[in-house]
$ cat start39.pdb   # PDB, C-alpha atoms and all ligand atoms
MODEL        1
ATOM      1  CA  MET R   1     119.300 138.379  73.537  1.00  0.00           C
ATOM      2  CA  ALA R   2     121.548 138.832  76.528  1.00  0.00           C
ATOM      3  CA  THR R   3     125.078 139.981  76.164  1.00  0.00           C
ATOM      4  CA  PRO R   4     127.355 138.167  78.588  1.00  0.00           C
ATOM      5  CA  SER R   5     128.996 141.358  79.805  1.00  0.00           C
ATOM      6  CA  SER R   6     125.698 142.915  80.908  1.00  0.00           C
ATOM      7  CA  SER R   7     125.498 140.630  83.954  1.00  0.00           C
ATOM      8  CA  CYS R   8     128.351 142.473  85.632  1.00  0.00           C
ATOM      9  CA  SER R   9     127.336 143.232  89.220  1.00  0.00           C
ATOM     10  CA  GLY R  10     128.655 146.777  89.317  1.00  0.00           C
ATOM     11  CA  GLY R  11     125.649 148.889  88.400  1.00  0.00           C
ATOM     12  CA  ARG R  12     122.691 148.958  90.726  1.00  0.00           C
ATOM     13  CA  ARG R  13     124.009 147.613  94.027  1.00  0.00           C
ATOM     14  CA  LYS R  14     121.849 148.798  96.885  1.00  0.00           C
ATOM     15  CA  LYS R  15     123.332 151.088  99.471  1.00  0.00           C
ATOM     16  CA  VAL R  16     124.105 149.802 102.946  1.00  0.00           C
ATOM     17  CA  GLN R  17     120.936 148.597 104.647  1.00  0.00           C
ATOM     18  CA  LEU R  18     122.154 147.712 108.104  1.00  0.00           C
ATOM     19  CA  PRO R  19     123.184 150.474 110.499  1.00  0.00           C
ATOM     20  CA  LEU R  20     126.913 150.791 110.981  1.00  0.00           C
ATOM     21  CA  ILE R  21     127.531 150.720 114.711  1.00  0.00           C
ATOM     22  CA  GLN R  22     130.562 151.615 116.753  1.00  0.00           C
ATOM     23  CA  CYS R  23     132.825 148.609 116.971  1.00  0.00           C
ATOM     24  CA  PRO R  24     131.833 146.871 120.232  1.00  0.00           C
ATOM     25  CA  LEU R  25     135.262 145.262 120.628  1.00  0.00           C
ATOM     26  CA  CYS R  26     137.737 148.121 120.346  1.00  0.00           C
ATOM     27  CA  LYS R  27     135.125 150.888 120.711  1.00  0.00           C
ATOM     28  CA  GLU R  28     137.316 153.114 118.565  1.00  0.00           C
ATOM     29  CA  ASN R  29     136.101 152.622 115.026  1.00  0.00           C
ATOM     30  CA  THR R  30     132.813 152.529 113.201  1.00  0.00           C
ATOM     31  CA  VAL R  31     132.075 149.206 111.556  1.00  0.00           C
ATOM     32  CA  VAL R  32     132.501 149.237 107.770  1.00  0.00           C
ATOM     33  CA  VAL R  33     130.754 147.232 105.089  1.00  0.00           C
ATOM     34  CA  ARG R  34     132.888 145.340 102.594  1.00  0.00           C
ATOM     35  CA  THR R  35     132.415 142.946  99.735  1.00  0.00           C
ATOM     36  CA  SER R  36     134.219 139.639  99.736  1.00  0.00           C
ATOM     37  CA  ARG R  37     136.734 139.007  96.960  1.00  0.00           C
ATOM     38  CA  THR R  38     137.599 135.393  97.708  1.00  0.00           C
ATOM     39  CA  PRO R  39     136.475 133.000  94.942  1.00  0.00           C
ATOM     40  CA  THR R  40     134.255 130.972  97.286  1.00  0.00           C
ATOM     41  CA  ASN R  41     132.342 134.005  98.566  1.00  0.00           C
ATOM     42  CA  LEU R  42     132.706 136.401  95.673  1.00  0.00           C
ATOM     43  CA  GLY R  43     130.469 139.451  96.027  1.00  0.00           C
ATOM     44  CA  ARG R  44     129.240 138.440  99.468  1.00  0.00           C
ATOM     45  CA  ILE R  45     128.807 141.333 101.885  1.00  0.00           C
ATOM     46  CA  PHE R  46     130.429 141.374 105.282  1.00  0.00           C
ATOM     47  CA  TYR R  47     130.759 143.876 108.105  1.00  0.00           C
ATOM     48  CA  THR R  48     134.002 144.384 109.902  1.00  0.00           C
ATOM     49  CA  CYS R  49     135.982 146.737 112.084  1.00  0.00           C
ATOM     50  CA  PRO R  50     138.385 148.812 109.947  1.00  0.00           C
ATOM     51  CA  ASP R  51     141.032 147.673 112.391  1.00  0.00           C
ATOM     52  CA  HIS R  52     140.479 144.015 111.530  1.00  0.00           C
ATOM     53  CA  GLU R  53     143.559 142.276 110.137  1.00  0.00           C
ATOM     54  CA  LYS R  54     143.493 139.011 108.240  1.00  0.00           C
ATOM     55  CA  ASP R  55     146.263 137.598 110.401  1.00  0.00           C
ATOM     56  CA  GLY R  56     144.165 138.264 113.511  1.00  0.00           C
ATOM     57  CA  SER R  57     146.451 140.921 114.949  1.00  0.00           C
ATOM     58  CA  GLY R  58     143.894 143.725 114.779  1.00  0.00           C
ATOM     59  CA  CYS R  59     140.376 144.020 116.077  1.00  0.00           C
ATOM     60  CA  ASN R  60     138.409 140.809 115.815  1.00  0.00           C
ATOM     61  CA  PHE R  61     135.003 142.201 114.880  1.00  0.00           C
ATOM     62  CA  TRP R  62     133.935 140.488 111.649  1.00  0.00           C
ATOM     63  CA  TYR R  63     130.537 139.193 110.461  1.00  0.00           C
ATOM     64  CA  TRP R  64     128.873 138.106 107.252  1.00  0.00           C
ATOM     65  CA  GLU R  65     125.828 140.251 106.483  1.00  0.00           C
ATOM     66  CA  GLU R  66     123.495 137.734 108.100  1.00  0.00           C
ATOM     67  CA  GLY R  67     125.634 137.325 111.179  1.00  0.00           C
ATOM     68  CA  TYR R  68     125.917 141.081 111.607  1.00  0.00           C
ATOM     69  CA  MET R  69     122.164 141.367 111.257  1.00  0.00           C
ATOM     70  CA  LYS R  70     121.684 138.768 113.983  1.00  0.00           C
ATOM     71  CA  TYR R  71     124.202 140.577 116.136  1.00  0.00           C
ATOM     72  CA  LEU R  72     122.342 143.870 115.722  1.00  0.00           C
ATOM     73  CA  LYS R  73     119.067 142.167 116.488  1.00  0.00           C
ATOM     74  CA  ARG R  74     120.417 140.419 119.550  1.00  0.00           C
ATOM     75  CA  ASN R  75     121.805 143.663 120.904  1.00  0.00           C
ATOM     76  CA  GLY R  76     118.758 145.764 120.139  1.00  0.00           C
ATOM     77  CA  PHE R  77     120.256 147.925 117.392  1.00  0.00           C
ATOM     78  CA  ILE R  78     117.462 146.912 115.057  1.00  0.00           C
ATOM     79  CA  ASP R  79     114.097 145.294 115.646  1.00  0.00           C
ATOM     80  CA  GLY R  80     112.968 142.028 114.124  1.00  0.00           C
ATOM     81  CA  GLU R  81     110.843 143.564 111.399  1.00  0.00           C
ATOM     82  CA  GLU R  82     113.656 145.639 110.020  1.00  0.00           C
ATOM     83  CA  ALA R  83     115.896 142.616 110.004  1.00  0.00           C
ATOM     84  CA  THR R  84     113.350 140.632 108.027  1.00  0.00           C
ATOM     85  CA  GLU R  85     113.219 143.394 105.453  1.00  0.00           C
ATOM     86  CA  VAL R  86     116.975 143.289 105.088  1.00  0.00           C
ATOM     87  CA  LYS R  87     116.913 139.530 104.791  1.00  0.00           C
ATOM     88  CA  LYS R  88     114.269 139.723 102.089  1.00  0.00           C
ATOM     89  CA  ALA R  89     116.269 142.307 100.212  1.00  0.00           C
ATOM     90  CA  ALA R  90     119.356 140.131 100.440  1.00  0.00           C
ATOM     91  CA  GLU R  91     117.424 137.144  99.164  1.00  0.00           C
ATOM     92  CA  LEU R  92     116.003 139.162  96.295  1.00  0.00           C
ATOM     93  CA  LYS R  93     119.458 140.362  95.403  1.00  0.00           C
ATOM     94  CA  ASN R  94     120.755 136.818  95.321  1.00  0.00           C
ATOM     95  CA  ALA R  95     117.740 135.586  93.431  1.00  0.00           C
ATOM     96  CA  SER R  96     118.106 138.135  90.678  1.00  0.00           C
ATOM     97  CA  LYS R  97     121.750 137.225  90.329  1.00  0.00           C
ATOM     98  CA  PHE R  98     120.910 133.569  89.766  1.00  0.00           C
ATOM     99  CA  ASP R  99     117.721 133.997  87.726  1.00  0.00           C
ATOM    100  CA  GLY R 100     115.545 133.045  90.691  1.00  0.00           C
ATOM    101  CA  ASP R 101     116.470 129.396  91.096  1.00  0.00           C
ATOM    102  CA  VAL R 102     119.504 129.741  93.267  1.00  0.00           C
ATOM    103  CA  VAL R 103     118.784 126.680  95.419  1.00  0.00           C
ATOM    104  CA  LEU R 104     117.980 124.518  92.425  1.00  0.00           C
ATOM    105  CA  ARG R 105     121.164 125.508  90.699  1.00  0.00           C
ATOM    106  CA  GLN R 106     123.282 124.817  93.737  1.00  0.00           C
ATOM    107  CA  ASP R 107     121.723 121.365  93.904  1.00  0.00           C
ATOM    108  CA  ASP R 108     122.444 120.824  90.251  1.00  0.00           C
ATOM    109  CA  GLU R 109     126.012 121.933  90.685  1.00  0.00           C
ATOM    110  CA  LEU R 110     126.432 119.521  93.559  1.00  0.00           C
ATOM    111  CA  LYS R 111     124.901 116.650  91.614  1.00  0.00           C
ATOM    112  CA  LYS R 112     127.071 117.463  88.650  1.00  0.00           C
ATOM    113  CA  ALA R 113     130.167 117.526  90.810  1.00  0.00           C
ATOM    114  CA  LEU R 114     129.212 114.188  92.363  1.00  0.00           C
ATOM    115  CA  THR R 115     128.495 112.670  88.965  1.00  0.00           C
ATOM    116  CA  ASP R 116     131.830 113.909  87.760  1.00  0.00           C
ATOM    117  CA  VAL R 117     133.604 112.270  90.661  1.00  0.00           C
ATOM    118  CA  VAL R 118     131.742 108.995  90.134  1.00  0.00           C
ATOM    119  CA  SER R 119     132.410 108.941  86.414  1.00  0.00           C
ATOM    120  CA  ILE R 120     136.064 109.729  86.985  1.00  0.00           C
ATOM    121  CA  GLY R 121     136.173 106.786  89.373  1.00  0.00           C
ATOM    122  CA  ARG R 122     134.535 104.528  86.792  1.00  0.00           C
ATOM    123  CA  GLU R 123     136.940 105.652  84.123  1.00  0.00           C
ATOM    124  CA  LEU R 124     139.840 104.918  86.415  1.00  0.00           C
ATOM    125  CA  VAL R 125     138.553 101.398  86.981  1.00  0.00           C
ATOM    126  CA  VAL R 126     138.217 100.874  83.232  1.00  0.00           C
ATOM    127  CA  VAL R 127     141.717 102.198  82.637  1.00  0.00           C
ATOM    128  CA  MET R 128     143.122  99.961  85.352  1.00  0.00           C
ATOM    129  CA  LYS R 129     141.359  96.891  83.936  1.00  0.00           C
ATOM    130  CA  LEU R 130     142.688  97.782  80.514  1.00  0.00           C
ATOM    131  CA  MET R 131     146.186  98.085  81.900  1.00  0.00           C
ATOM    132  CA  LEU R 132     145.845  94.710  83.592  1.00  0.00           C
ATOM    133  CA  VAL R 133     144.709  93.098  80.327  1.00  0.00           C
ATOM    134  CA  VAL R 134     147.428  94.791  78.307  1.00  0.00           C
ATOM    135  CA  GLY R 135     149.941  93.928  81.005  1.00  0.00           C
ATOM    136  CA  SER R 136     149.032  90.253  81.115  1.00  0.00           C
ATOM    137  CA  ILE R 137     149.102  90.027  77.325  1.00  0.00           C
ATOM    138  CA  GLY R 138     152.510  91.663  77.379  1.00  0.00           C
ATOM    139  CA  VAL R 139     153.756  89.276  80.035  1.00  0.00           C
ATOM    140  CA  SER R 140     152.468  86.219  78.193  1.00  0.00           C
ATOM    141  CA  LEU R 141     154.050  87.483  74.989  1.00  0.00           C
ATOM    142  CA  LEU R 142     157.325  88.010  76.809  1.00  0.00           C
ATOM    143  CA  VAL R 143     157.113  84.574  78.363  1.00  0.00           C
ATOM    144  CA  GLY R 144     156.322  83.155  74.925  1.00  0.00           C
ATOM    145  CA  ILE R 145     159.373  84.842  73.413  1.00  0.00           C
ATOM    146  CA  MET R 146     161.625  83.745  76.248  1.00  0.00           C
ATOM    147  CA  MET R 147     160.448  80.151  76.010  1.00  0.00           C
ATOM    148  CA  LYS R 148     161.496  79.928  72.383  1.00  0.00           C
TER     149      LYS R 148
HETATM  150 ZN    ZN K 201     137.198 147.188 116.393  1.00  0.00          ZN
ENDMDL
END

$ encode --input "start39.pdb" --output "structure tokens"
Amino acid sequence: MATPSSSCSGGRRKKVQLPLIQCPLCKENTVVVRTSRTPTNLGRIFYTCPDHEKDGSGCNFWYWEEGYMKYLKRNGFIDGEEATEVKKAAELKNASKFDGDVVLRQDDELKKALTDVVSIGRELVVVMKLMLVVGSIGVSLLVGIMMK
């Protein structure tokens, strides 16, 4: 029996796996690792310069974990093998969070959302037809009353 609160992601988060390099843009700060707090990317890891500002005024160095990994690879900070390990670890982490069928679930969510939209559309059509029927009955009643 699983208690809902036990799925909280606080406990056993792995320590930083990618090396934190000196920011290549401002060359003043060491890149830091952060966790996203926006609803669409909740819990997603990104790497950024501590000088980075959301309004774009600060240093512009900012990557999602995967992008940062590619950047490191491209610039020779890590070799391919190491990067694969990190990728695997990231996938495992995601998989455990979603009970191992992350792709399937995303598909399901999408289908569900689409079905919802379609059914809402159908309902709207039904409601509109109903209104037309009710409206025409009302009009004919009115006409009937006025004719008398
Ligand atoms: Zn910087």

$ atom_distance --input "start39.pdb" --atom1 "CA of Leu18 (chain R)" --atom2 "CA of Trp64 (chain R)"
11.8 Å

$ closest_atom_pairs --input "start39.pdb" --of "chain R" --to "ligand ZN 201 (chain K)" --cutoff "7 Å" --atoms "all atoms listed in the file" --output "tab-separated table"
residue	atom	partner	partner_atom	distance
R:Cys23	CA	K:ZN201	ZN	4.6
R:Pro24	CA	K:ZN201	ZN	6.6
R:Leu25	CA	K:ZN201	ZN	5.0
R:Cys26	CA	K:ZN201	ZN	4.1
R:Lys27	CA	K:ZN201	ZN	6.1
R:Glu28	CA	K:ZN201	ZN	6.3
R:Asn29	CA	K:ZN201	ZN	5.7
R:Cys49	CA	K:ZN201	ZN	4.5
R:Pro50	CA	K:ZN201	ZN	6.8
R:Asp51	CA	K:ZN201	ZN	5.6
R:His52	CA	K:ZN201	ZN	6.7
R:Cys59	CA	K:ZN201	ZN	4.5
R:Asn60	CA	K:ZN201	ZN	6.5
R:Phe61	CA	K:ZN201	ZN	5.7

$ write_last_selection --input "start39.pdb" --atoms "C-alpha atoms" --output "PDB file, keeping the file's coordinate frame"
ATOM      1  CA  CYS R  23     132.825 148.609 116.971  1.00  0.00           C
ATOM      2  CA  PRO R  24     131.833 146.871 120.232  1.00  0.00           C
ATOM      3  CA  LEU R  25     135.262 145.262 120.628  1.00  0.00           C
ATOM      4  CA  CYS R  26     137.737 148.121 120.346  1.00  0.00           C
ATOM      5  CA  LYS R  27     135.125 150.888 120.711  1.00  0.00           C
ATOM      6  CA  GLU R  28     137.316 153.114 118.565  1.00  0.00           C
ATOM      7  CA  ASN R  29     136.101 152.622 115.026  1.00  0.00           C
ATOM      8  CA  CYS R  49     135.982 146.737 112.084  1.00  0.00           C
ATOM      9  CA  PRO R  50     138.385 148.812 109.947  1.00  0.00           C
ATOM     10  CA  ASP R  51     141.032 147.673 112.391  1.00  0.00           C
ATOM     11  CA  HIS R  52     140.479 144.015 111.530  1.00  0.00           C
ATOM     12  CA  CYS R  59     140.376 144.020 116.077  1.00  0.00           C
ATOM     13  CA  ASN R  60     138.409 140.809 115.815  1.00  0.00           C
ATOM     14  CA  PHE R  61     135.003 142.201 114.880  1.00  0.00           C
TER      15      PHE R  61
END

$ atom_distance --input "start39.pdb" --atom1 "CA of Leu124 (chain R)" --atom2 "CA of Thr40 (chain R)"
28.8 Å

$ atom_distance --input "start39.pdb" --atom1 "CA of Tyr47 (chain R)" --atom2 "CA of Ile78 (chain R)"
15.3 Å

$ resolve_selection --input "start39.pdb" --expression "the PyMOL selection byres (((chain R and resi 31-37) around 7) and not hetatm)" --output "list in words"
Leu20, Ile21, Gln22, Cys23, Asn29, Thr30, Thr38, Pro39, Asn41, Leu42, Gly43, Arg44, Ile45, Phe46, Tyr47, Thr48, Cys49 and Pro50 of chain R

$ write_last_selection --input "start39.pdb" --atoms "C-alpha atoms" --output "tab-separated table (two decimals), in the coordinates of the input"
chain	number	residue	atom	x	y	z
R	20	LEU	CA	126.91	150.79	110.98
R	21	ILE	CA	127.53	150.72	114.71
R	22	GLN	CA	130.56	151.62	116.75
R	23	CYS	CA	132.82	148.61	116.97
R	29	ASN	CA	136.10	152.62	115.03
R	30	THR	CA	132.81	152.53	113.20
R	38	THR	CA	137.60	135.39	97.71
R	39	PRO	CA	136.48	133.00	94.94
R	41	ASN	CA	132.34	134.00	98.57
R	42	LEU	CA	132.71	136.40	95.67
R	43	GLY	CA	130.47	139.45	96.03
R	44	ARG	CA	129.24	138.44	99.47
R	45	ILE	CA	128.81	141.33	101.88
R	46	PHE	CA	130.43	141.37	105.28
R	47	TYR	CA	130.76	143.88	108.10
R	48	THR	CA	134.00	144.38	109.90
R	49	CYS	CA	135.98	146.74	112.08
R	50	PRO	CA	138.38	148.81	109.95
